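**Student:** The following block contains the structure, expressed as structure tokens.
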Amino acid sequence: MKLPLGEDPRPPYVQAADVLRTAIHDGELRPGERLPAARELQRRFGIASSTVQNALRVLKEEGLIYSVLGRGSYVRAPKPMVTTEAEEDEVDLGESDPEYTGLGDLRRGWQTADSPADDPRPPYVRTADALRKQIQDGRLAPGAKLPSARDLQAHYGIANSTAQNALRVLKEEGLIYSVQGRGVFVRQLSPRDQFLKRYNEGLEEMAAQRRADEEAVRLSGKSDDEVAAELAAAEERFTKASTEFEAATAHRDAMRAVMEQRKRLSGNYTPEEQAASVQRLHDRLNEGRRRR
């Protein structure tokens with residue numbers, strides 16, 4: 001299928017990731033199943049190879065897929081939610097924005113849905129990191145409303161206070177802002193931040209293109225000398241074909257000139273050609289009068 005590139009304002013790699021994510025959630029792509037090759041996804045979606053690689057990177061960061069070197073990308077089995085006594089005893093602070101408690105007072109034992117169980121960082125840091133990535137890659141666009149603290153609590157399996165602390169981190173970074181009674185929204189990036197975002201995206205695309213090029217070279221199974229020899233042969237064929245094309249064009253033009261001469265001598269013109277000839281004569285006469 002083609003992506004609605006002209007209708008959807010989101011970047012193409014975000015659209016492609018969304019289609020694949022939906023296929024995984026709907027069971028069209030089951031756990032353990034191999035995803036179509038990058039070249040096949042490129043053909044289906046009508047996008048560049050680097051765009052496909054960026055879409056797969058998004059799904060890897062979300063923990064939905066994983067890659068096996070030389071074999072491809074596969075759907076990851078869903079992680080079971082871990083419930084601990086600390087979670088059951090956590091106090092629900094509601095939708096208020098509590099004072100930041102600092103690292104020493106944070107409760108332990110919480111896991112975010114998109115982070116590995118052995119991630120040593122505090123849960124609020126991992127949650128803030130997951131939301132920051134969604135903002136940076138365009139899944140949460142400027143002006144978009146973030147999920148409420150309760151929704152974050154349910155989605156990531158964290159305490160409400162942990163969700164509030166994650167939001168506070170993003171506020172301090174200038175990525176989001178709060179509107180009383182309405183919620184939390186993504187802040188419009190400054191011109192400098194927009195430039196840095198585009199610059200970083202460019203670096204990521206270049207890196208993805210390099211990885212794709214390296215993979216293509218590896219799969220070709222040909223040495224540099226073999227590729228250079230094939231290129232030289234192709235250029236030689238192209239030069240020969242160009243020469244033949246130029247000769248054929250010159251011969252065609254000469255034959256057209258001869259035919260035109262014969263028509264002028266015999267007067268054997270079609271009505272359309274006669275009308276065009278008369279019109280050209282009138283145009284030349286009118287041009288001569290204007291110059292006088």
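Residue numbering restarts at 1 in every chain; chains get A, B, ... in the order shown in the structure tokens, and ligands count up from 1 in that same order.
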Please return as a list in words: the residues of range 119-210 of chain A that backbone DSSP assigns to strand (DSSP E).

**Tutor:**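 Matching residues, listed in order: Ile176, Tyr177, Ser178, Val179, Gly183, Val184, Phe185 and Val186 of chain A.
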
**Student:** If we count only C-alpha atoms and set the cut-off at 7 Å, which residues sit around Val52 in chain A, ignoring sequence neighbours fewer than 2 positions away in its own chain? Please answer as number ranges by chain.

**Tutor:** A: 13, 38, 41-42, 48-50, 54-56

**Student:** Go ahead and dump the residues you just picked, C-alpha atoms, as a short mmCIF file (atom, residue, chain, number, x, y, z; two decimals), in the first residue's frame.

**Tutor:**
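Result file follows (result_35.cif):
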```
data_model
loop_
_atom_site.label_atom_id
_atom_site.label_comp_id
_atom_site.auth_asym_id
_atom_site.auth_seq_id
_atom_site.Cartn_x
_atom_site.Cartn_y
_atom_site.Cartn_z
CA TYR A 13 8.87 7.38 8.42
CA ALA A 38 13.35 -3.29 3.83
CA LEU A 41 8.58 -2.19 2.50
CA GLN A 42 10.19 0.49 0.35
CA ALA A 48 13.13 5.72 0.33
CA SER A 49 15.30 3.05 1.93
CA SER A 50 16.50 5.47 4.62
CA ASN A 54 14.02 5.16 10.37
CA ALA A 55 10.53 3.62 10.67
CA LEU A 56 12.05 0.32 11.85
#
```

**Student:** I'd like the contact shell of range 200-213 of chain A - 10 Å cut-off, only C-alpha atoms, skipping same-chain residues fewer than 2 positions apart - returned as a PDB file with N, CA, C and O atoms, in the first residue's frame.

**Tutor:**
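What landed in around.pdb:
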```pdb
ATOM      1  N   ALA A  38      13.371  -4.750   4.000  1.00  0.00           N
ATOM      2  CA  ALA A  38      13.353  -3.289   3.834  1.00  0.00           C
ATOM      3  C   ALA A  38      13.057  -2.903   2.384  1.00  0.00           C
ATOM      4  O   ALA A  38      12.321  -1.946   2.128  1.00  0.00           O
ATOM      5  N   ARG A  39      13.606  -3.651   1.446  1.00  0.00           N
ATOM      6  CA  ARG A  39      13.357  -3.336   0.034  1.00  0.00           C
ATOM      7  C   ARG A  39      11.877  -3.521  -0.317  1.00  0.00           C
ATOM      8  O   ARG A  39      11.305  -2.752  -1.086  1.00  0.00           O
ATOM      9  N   ALA A  48      11.711   6.016   0.492  1.00  0.00           N
ATOM     10  CA  ALA A  48      13.134   5.716   0.325  1.00  0.00           C
ATOM     11  C   ALA A  48      13.589   4.669   1.334  1.00  0.00           C
ATOM     12  O   ALA A  48      12.942   4.434   2.359  1.00  0.00           O
ATOM     13  N   SER A  49      14.745   4.069   1.039  1.00  0.00           N
ATOM     14  CA  SER A  49      15.301   3.047   1.932  1.00  0.00           C
ATOM     15  C   SER A  49      15.612   3.619   3.305  1.00  0.00           C
ATOM     16  O   SER A  49      15.352   2.984   4.329  1.00  0.00           O
ATOM     17  N   SER A  50      16.177   4.847   3.336  1.00  0.00           N
ATOM     18  CA  SER A  50      16.502   5.465   4.624  1.00  0.00           C
ATOM     19  C   SER A  50      15.243   5.725   5.449  1.00  0.00           C
ATOM     20  O   SER A  50      15.265   5.639   6.678  1.00  0.00           O
ATOM     21  N   THR A  51      14.121   6.034   4.779  1.00  0.00           N
ATOM     22  CA  THR A  51      12.860   6.261   5.482  1.00  0.00           C
ATOM     23  C   THR A  51      12.368   4.968   6.127  1.00  0.00           C
ATOM     24  O   THR A  51      11.878   4.963   7.267  1.00  0.00           O
ATOM     25  N   VAL A  52      12.515   3.848   5.412  1.00  0.00           N
ATOM     26  CA  VAL A  52      12.139   2.544   5.976  1.00  0.00           C
ATOM     27  C   VAL A  52      12.991   2.236   7.208  1.00  0.00           C
ATOM     28  O   VAL A  52      12.483   1.787   8.245  1.00  0.00           O
ATOM     29  N   GLN A  53      14.294   2.493   7.110  1.00  0.00           N
ATOM     30  CA  GLN A  53      15.187   2.211   8.235  1.00  0.00           C
ATOM     31  C   GLN A  53      14.803   3.044   9.457  1.00  0.00           C
ATOM     32  O   GLN A  53      14.838   2.561  10.595  1.00  0.00           O
ATOM     33  N   ASN A  54      14.421   4.315   9.242  1.00  0.00           N
ATOM     34  CA  ASN A  54      14.019   5.157  10.365  1.00  0.00           C
ATOM     35  C   ASN A  54      12.711   4.661  10.982  1.00  0.00           C
ATOM     36  O   ASN A  54      12.527   4.718  12.206  1.00  0.00           O
ATOM     37  N   ARG A  57      13.551   1.784  13.091  1.00  0.00           N
ATOM     38  CA  ARG A  57      14.230   2.235  14.305  1.00  0.00           C
ATOM     39  C   ARG A  57      13.221   2.672  15.363  1.00  0.00           C
ATOM     40  O   ARG A  57      13.396   2.381  16.562  1.00  0.00           O
ATOM     41  N   GLN A 136      10.401  14.206  19.748  1.00  0.00           N
ATOM     42  CA  GLN A 136      11.478  14.468  18.802  1.00  0.00           C
ATOM     43  C   GLN A 136      11.227  13.849  17.444  1.00  0.00           C
ATOM     44  O   GLN A 136      11.628  14.411  16.426  1.00  0.00           O
ATOM     45  N   ASP A 137      10.581  12.675  17.397  1.00  0.00           N
ATOM     46  CA  ASP A 137      10.372  12.034  16.091  1.00  0.00           C
ATOM     47  C   ASP A 137       9.026  12.400  15.456  1.00  0.00           C
ATOM     48  O   ASP A 137       8.671  11.880  14.404  1.00  0.00           O
ATOM     49  N   GLN A 194      14.551  23.889  16.127  1.00  0.00           N
ATOM     50  CA  GLN A 194      14.080  23.313  14.877  1.00  0.00           C
ATOM     51  C   GLN A 194      15.249  22.991  13.953  1.00  0.00           C
ATOM     52  O   GLN A 194      15.264  21.941  13.299  1.00  0.00           O
ATOM     53  N   PHE A 195      16.241  23.900  13.915  1.00  0.00           N
ATOM     54  CA  PHE A 195      17.431  23.635  13.096  1.00  0.00           C
ATOM     55  C   PHE A 195      18.177  22.409  13.608  1.00  0.00           C
ATOM     56  O   PHE A 195      18.590  21.548  12.822  1.00  0.00           O
ATOM     57  N   LEU A 196      18.358  22.338  14.927  1.00  0.00           N
ATOM     58  CA  LEU A 196      19.061  21.191  15.496  1.00  0.00           C
ATOM     59  C   LEU A 196      18.297  19.899  15.242  1.00  0.00           C
ATOM     60  O   LEU A 196      18.902  18.847  14.981  1.00  0.00           O
ATOM     61  N   LYS A 197      16.964  19.965  15.299  1.00  0.00           N
ATOM     62  CA  LYS A 197      16.154  18.787  15.047  1.00  0.00           C
ATOM     63  C   LYS A 197      16.346  18.310  13.609  1.00  0.00           C
ATOM     64  O   LYS A 197      16.551  17.122  13.351  1.00  0.00           O
ATOM     65  N   ARG A 198      16.271  19.264  12.670  1.00  0.00           N
ATOM     66  CA  ARG A 198      16.475  18.888  11.267  1.00  0.00           C
ATOM     67  C   ARG A 198      17.890  18.374  11.032  1.00  0.00           C
ATOM     68  O   ARG A 198      18.096  17.423  10.268  1.00  0.00           O
ATOM     69  N   GLU A 215      24.715  -2.872   3.678  1.00  0.00           N
ATOM     70  CA  GLU A 215      23.981  -4.131   3.571  1.00  0.00           C
ATOM     71  C   GLU A 215      23.820  -4.526   2.102  1.00  0.00           C
ATOM     72  O   GLU A 215      23.955  -5.705   1.751  1.00  0.00           O
ATOM     73  N   ALA A 216      23.547  -3.545   1.230  1.00  0.00           N
ATOM     74  CA  ALA A 216      23.395  -3.848  -0.193  1.00  0.00           C
ATOM     75  C   ALA A 216      24.703  -4.359  -0.787  1.00  0.00           C
ATOM     76  O   ALA A 216      24.709  -5.301  -1.586  1.00  0.00           O
ATOM     77  N   VAL A 217      25.815  -3.726  -0.389  1.00  0.00           N
ATOM     78  CA  VAL A 217      27.120  -4.178  -0.878  1.00  0.00           C
ATOM     79  C   VAL A 217      27.413  -5.584  -0.397  1.00  0.00           C
ATOM     80  O   VAL A 217      27.906  -6.441  -1.144  1.00  0.00           O
ATOM     81  N   ARG A 218      27.070  -5.844   0.864  1.00  0.00           N
ATOM     82  CA  ARG A 218      27.336  -7.183   1.415  1.00  0.00           C
ATOM     83  C   ARG A 218      26.510  -8.242   0.684  1.00  0.00           C
ATOM     84  O   ARG A 218      27.007  -9.322   0.354  1.00  0.00           O
ATOM     85  N   LEU A 219      25.218  -7.926   0.410  1.00  0.00           N
ATOM     86  CA  LEU A 219      24.344  -8.897  -0.233  1.00  0.00           C
ATOM     87  C   LEU A 219      24.686  -9.107  -1.708  1.00  0.00           C
ATOM     88  O   LEU A 219      24.348 -10.153  -2.270  1.00  0.00           O
TER      89      LEU A 219
END
```

**Student:** So, with only C-alpha atoms as the atoms that count, which of A:Ala130, A:Ile135, A:Leu170, A:Lys60 lies closest to Leu152 in chain A?

**Tutor:**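 Answer, going by the shortest atom-to-atom distance: A:Ala130.
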
**Student:** I need the residue nearest Ala16 in chain A from this list: A:Pro36, A:Ile47, A:Pro120, A:Glu214. Use only C-alpha atoms for the distance.

**Tutor:**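 Closest to Ala16 in chain A, using only C-alpha atoms: A:Ile47.
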
**Student:** Between A:Gly138, A:Pro11, A:Gly221, A:Pro31, which is the closest to Ile65 in chain A once you count only C-alpha atoms?

**Tutor:**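 Checking each of A:Gly138, A:Pro11, A:Gly221, A:Pro31 against Ile65 in chain A, counting only C-alpha atoms, the winner is A:Pro31.
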
**Student:** Name the residues of range 20-242 of chain A that fall into helix (DSSP H, G or I) according to DSSP on the backbone, using the chain letters and numbers of this document, as a VMD selection string.

**Tutor:** chain A and resid 20 to 25 38 to 45 49 to 61 85 to 89 123 to 136 149 to 156 160 to 172 191 to 220 224 to 242

**Student:** Contacts of range 176-188 of chain A at 8 Å or less, counting only C-alpha atoms, minus same-chain residues fewer than 3 places along, as a ChimeraX atom specification?

**Tutor:** /A:135,140-148,167,170-171,173

**Student:** Excluding Thr127 in chain A and its own-chain neighbours fewer than 2 positions away, which residues fall within 8 Å of it when counting only C-alpha atoms? Please give them as a VMD selection string.

**Tutor:** chain A and resid 112 123 to 125 129 to 131 156 163 166

**Student:** Please write the residues from the selection above to a file, keeping N, CA and C atoms, as a short mmCIF file (atom, residue, chain, number, x, y, z; two decimals), in the first residue's frame.

**Tutor:**
```cif
data_model
loop_
_atom_site.label_atom_id
_atom_site.label_comp_id
_atom_site.auth_asym_id
_atom_site.auth_seq_id
_atom_site.Cartn_x
_atom_site.Cartn_y
_atom_site.Cartn_z
N THR A 112 8.79 0.86 33.14
CA THR A 112 8.07 1.46 32.03
C THR A 112 7.92 0.42 30.94
N PRO A 123 12.56 5.16 37.19
CA PRO A 123 11.39 5.05 36.31
C PRO A 123 10.95 6.37 35.71
N TYR A 124 11.01 7.47 36.46
CA TYR A 124 10.55 8.74 35.90
C TYR A 124 11.46 9.20 34.77
N VAL A 125 12.77 8.85 34.85
CA VAL A 125 13.72 9.19 33.79
C VAL A 125 13.40 8.38 32.53
N ASP A 129 12.11 9.86 29.01
CA ASP A 129 12.87 9.55 27.81
C ASP A 129 11.95 9.03 26.71
N ALA A 130 10.99 8.17 27.06
CA ALA A 130 10.05 7.63 26.07
C ALA A 130 9.19 8.74 25.47
N LEU A 131 8.72 9.67 26.33
CA LEU A 131 7.90 10.78 25.83
C LEU A 131 8.74 11.75 25.00
N TYR A 156 2.31 2.97 31.04
CA TYR A 156 3.68 2.56 31.36
C TYR A 156 3.79 1.70 32.62
N ALA A 163 4.76 9.55 37.03
CA ALA A 163 4.33 10.22 35.80
C ALA A 163 4.46 11.73 35.93
N ALA A 166 8.05 12.72 35.63
CA ALA A 166 8.50 12.63 34.24
C ALA A 166 8.06 13.87 33.47
#
```

**Student:** Which neighbours of Arg150 in chain A fall inside 7 Å, counting only C-alpha atoms, when residues of the same chain fewer than 3 positions from it are skipped, and could you give them as a count of residues only?

**Tutor:** 3
